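See below for run-v1.tsv, which holds TSV, C-alpha atoms.
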```tsv
chain	number	residue	atom	x	y	z
A	61	MET	CA	-1.30	-11.62	-6.48
A	62	LYS	CA	-3.17	-8.69	-8.01
A	63	ILE	CA	-1.93	-5.41	-6.57
A	64	ALA	CA	-3.33	-1.89	-6.99
A	65	PHE	CA	-0.78	0.92	-7.26
A	66	ALA	CA	-1.14	4.68	-7.03
A	67	SER	CA	0.93	7.74	-6.31
A	68	ASP	CA	1.08	11.45	-6.71
A	69	HIS	CA	3.99	13.27	-8.33
A	70	GLY	CA	5.94	13.11	-5.06
A	71	GLY	CA	5.83	9.32	-5.02
A	72	LEU	CA	5.94	8.57	-8.73
A	73	GLU	CA	9.54	7.39	-8.93
A	74	LEU	CA	9.25	4.96	-6.01
A	75	LYS	CA	5.84	3.70	-7.16
A	76	ASN	CA	7.13	2.94	-10.63
A	77	ALA	CA	10.23	1.17	-9.31
A	78	VAL	CA	8.34	-0.98	-6.78
A	79	LYS	CA	5.68	-1.80	-9.38
A	80	LEU	CA	8.35	-2.91	-11.86
A	81	TYR	CA	10.02	-5.03	-9.16
A	82	LEU	CA	6.75	-6.79	-8.33
A	83	ASP	CA	5.83	-7.19	-12.01
A	84	GLU	CA	9.15	-8.97	-12.52
A	85	LYS	CA	8.32	-11.26	-9.58
A	86	GLY	CA	5.15	-12.35	-11.37
A	87	HIS	CA	2.53	-10.24	-9.62
A	88	GLU	CA	-0.30	-8.72	-11.62
A	89	THR	CA	-0.37	-4.98	-11.05
A	90	THR	CA	-2.83	-2.24	-11.90
A	91	ASP	CA	-1.58	1.34	-11.87
A	92	PHE	CA	-4.21	3.96	-11.00
A	93	GLY	CA	-1.84	6.88	-11.64
A	94	THR	CA	-0.37	9.38	-11.62
A	95	TYR	CA	1.81	8.82	-14.63
A	96	THR	CA	3.79	12.09	-14.85
A	97	ASN	CA	5.85	14.37	-12.61
A	98	GLU	CA	3.32	17.18	-12.99
A	99	SER	CA	1.89	18.41	-9.71
A	100	CYS	CA	-1.36	16.62	-8.91
A	101	ASP	CA	-3.73	15.83	-6.06
A	102	TYR	CA	-2.93	12.55	-4.27
A	103	PRO	CA	-6.56	11.87	-3.21
A	104	ASP	CA	-7.59	11.38	-6.84
A	105	PHE	CA	-5.21	8.45	-7.28
A	106	ALA	CA	-5.02	6.92	-3.80
A	107	ARG	CA	-8.81	6.68	-3.60
A	108	ARG	CA	-9.05	4.74	-6.87
A	109	ALA	CA	-6.44	2.20	-5.73
A	110	ALA	CA	-8.10	1.82	-2.33
A	111	GLN	CA	-11.50	1.30	-3.94
A	112	ALA	CA	-10.04	-1.43	-6.15
A	113	VAL	CA	-8.92	-3.26	-3.01
A	114	ALA	CA	-12.19	-2.65	-1.17
A	115	ASN	CA	-14.33	-3.96	-4.04
A	116	GLY	CA	-12.12	-7.02	-4.61
A	117	ASP	CA	-10.67	-6.09	-7.98
A	118	CYS	CA	-7.23	-6.22	-6.35
A	119	GLU	CA	-6.07	-8.26	-3.35
A	120	LYS	CA	-3.71	-5.63	-1.94
A	121	GLY	CA	-2.64	-2.08	-2.65
A	122	ILE	CA	0.56	-0.06	-2.52
A	123	ILE	CA	0.26	3.72	-2.56
A	124	VAL	CA	3.03	6.32	-2.45
A	125	CYS	CA	3.40	10.04	-1.90
A	126	THR	CA	6.23	12.18	-0.55
A	127	THR	CA	5.62	11.14	3.08
A	128	GLY	CA	3.01	8.40	2.75
A	129	ILE	CA	0.80	10.27	5.20
A	130	GLY	CA	-1.62	11.86	2.76
A	131	VAL	CA	-2.27	8.75	0.70
A	132	SER	CA	-2.78	6.66	3.85
A	133	MET	CA	-5.37	9.13	5.13
A	134	VAL	CA	-7.27	8.93	1.86
A	135	ALA	CA	-7.16	5.14	1.67
A	136	ASN	CA	-8.42	4.74	5.22
A	137	LYS	CA	-11.55	6.71	4.34
A	138	VAL	CA	-12.60	3.88	1.99
A	139	LYS	CA	-14.78	1.32	3.78
A	140	GLY	CA	-13.06	-2.05	3.93
A	141	VAL	CA	-9.54	-0.67	3.60
A	142	ARG	CA	-6.97	-0.90	6.37
A	143	CYS	CA	-3.98	1.07	5.15
A	144	ALA	CA	-0.71	1.18	7.06
A	145	LEU	CA	2.15	3.61	6.53
A	146	CYS	CA	5.31	1.55	6.99
A	147	THR	CA	8.88	2.79	7.18
A	148	ASN	CA	10.54	-0.52	8.04
A	149	VAL	CA	10.08	-4.25	7.51
A	150	ASP	CA	8.92	-4.98	11.06
A	151	MET	CA	6.04	-2.51	10.71
A	152	ALA	CA	4.96	-4.25	7.49
A	153	VAL	CA	5.07	-7.68	9.15
A	154	MET	CA	3.20	-6.55	12.25
A	155	THR	CA	0.47	-4.68	10.38
A	156	ARG	CA	-0.26	-7.80	8.35
A	157	LYS	CA	-0.12	-10.16	11.35
A	158	HIS	CA	-2.16	-8.05	13.74
A	159	ASN	CA	-4.19	-5.58	11.65
A	160	ASN	CA	-4.76	-7.54	8.44
A	161	ALA	CA	-3.79	-4.38	6.55
A	162	ASN	CA	-4.66	-4.61	2.88
A	163	VAL	CA	-3.02	-1.43	1.62
A	164	LEU	CA	0.58	-0.35	2.19
A	165	ALA	CA	1.56	3.31	2.14
A	166	LEU	CA	5.13	4.39	1.50
A	167	GLY	CA	6.85	7.77	1.63
A	168	GLN	CA	9.35	8.35	-1.16
A	169	LYS	CA	11.21	10.94	0.93
A	170	TYR	CA	11.83	8.45	3.75
A	171	VAL	CA	12.14	5.02	2.12
A	172	ASP	CA	14.72	4.20	-0.53
A	173	LEU	CA	14.11	1.59	-3.22
A	174	THR	CA	16.03	-1.21	-1.49
A	175	LEU	CA	14.03	-0.78	1.71
A	176	ALA	CA	10.77	-0.31	-0.21
A	177	LYS	CA	11.27	-3.68	-1.91
A	178	GLN	CA	11.91	-5.35	1.46
A	179	ILE	CA	8.84	-3.70	2.99
A	180	ALA	CA	6.65	-4.67	0.01
A	181	ASP	CA	7.86	-8.28	0.14
A	182	ALA	CA	7.18	-8.49	3.88
A	183	PHE	CA	3.74	-6.91	3.45
A	184	LEU	CA	2.73	-9.23	0.62
A	185	ASN	CA	4.15	-12.42	2.12
A	186	THR	CA	3.00	-12.12	5.74
A	187	GLU	CA	-0.26	-13.78	6.70
A	188	PHE	CA	-2.84	-12.40	9.14
A	189	GLU	CA	-2.76	-14.30	12.45
A	190	GLY	CA	-6.50	-14.03	13.07
A	191	GLY	CA	-7.64	-15.19	16.50
A	192	ARG	CA	-7.74	-12.38	19.05
A	193	HIS	CA	-6.64	-9.98	16.33
A	194	GLN	CA	-9.77	-10.68	14.27
A	195	THR	CA	-11.93	-9.25	17.05
A	196	ARG	CA	-9.90	-6.05	16.91
A	197	VAL	CA	-10.04	-5.83	13.14
A	198	ASP	CA	-13.82	-6.31	13.33
A	199	LYS	CA	-14.01	-3.29	15.65
A	200	ILE	CA	-12.21	-1.17	13.06
A	201	GLU	CA	-14.94	-1.92	10.54
```

Structure translated into structure tokens:
Amino acid sequence: MKIAFASDHGGLELKNAVKLYLDEKGHETTDFGTYTNESCDYPDFARRAAQAVANGDCEKGIIVCTTGIGVSMVANKVKGVRCALCTNVDMAVMTRKHNNANVLALGQKYVDLTLAKQIADAFLNTEFEGGRHQTRVDKIE
């Protein structure tokens, strides 16, 4: 699966670690930045990753900042993106099953690497149920 990644300085460490984990599992990843610990503006990077998902260059996205809140707000401004901030595996499963989320937001302050890997796996491996949920997803668009 081709996955877009992005973070600001507050999510850089977790982004890099999750990206490496998924690279090692055979996923194709594209990193839209940031690449350093220097203070930066999360919208610049989260928007690029979200646009890559919206335009079909990537199938899914994973974006990270300190809390996950800021990057999720940015991503959800991009037409065609349904970004969910998840802090546990069940949230990742449910947002895929019921919301057909295509971008996952994580907060480095609240999710350690072990949990982030579990959340990412659940997000990437759970299928959308469709049916009555499709009607609801259509209303989001």

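Distance check against Glu73 (chain A) using all atoms listed in the file: of A:Cys143, A:Val153, A:Val197, A:Leu173, the minimum falls on A:Leu173.
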
Once 3 Å is added on each side, what are the centre and the three edge lengths, in Å to one decimal, of the axis-aligned box enclosing the listed atoms of region 190-194 of chain A? Present them as AutoDock Vina command-line options.
```
--center_x -8.1 --center_y -12.6 --center_z 16.1 --size_x 9.3 --size_y 11.2 --size_z 12.0
```

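Here the question is which of A:Gly71, A:Asp104, A:Val78, A:Asn115 gets nearest to Tyr170 (chain A) using only C-alpha atoms, and that residue is A:Gly71.
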
Determine the nearest neighbour of Arg108 (chain A) from the options A:Thr126, A:Arg142, A:Ala66, A:Asp83, counting all atoms listed in the file.
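Using all atoms listed in the file, Arg108 (chain A) sits closest to A:Ala66.
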
Non-local contacts of Lys62 (chain A) (7 Å; only C-alpha atoms; under 2 positions in same chain excluded) as an MDAnalysis selection string
chainID A and resid 64 87:89 118:120

Just give me the gap between CA of Leu82 (chain A) and CA of Gln111 (chain A) in Å, one decimal is fine.
20.4 Å

Tell me, in Å to one decimal, how far CA of Phe105 (chain A) is from CA of Ile63 (chain A).
14.3 Å

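Residue nearest Leu80 (chain A) within the list A:Phe188, A:Thr147, A:Lys177, A:Cys100: A:Lys177 [criterion: smallest interatomic distance, only C-alpha atoms].
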
Do you know which residues are at most 7 Å from His69 (chain A) counting all atoms listed in the file, after dropping those on the same chain fewer than 6 positions away, and could you put them as an MDAnalysis selection string?
chainID A and resid 94 96:100

Shell of 9 Å around region 155-169 of chain A, all atoms listed in the file, local chain residues under 5 positions omitted, as a PyMOL selection string
chain A and resi 64+70-75+109-110+113-114+119-129+131-132+135-136+140-147+150+176+179-180+182-190+192-194+196-197

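Between CA of Gln178 (chain A) and CA of Phe65 (chain A) there is a distance of 16.6 Å.
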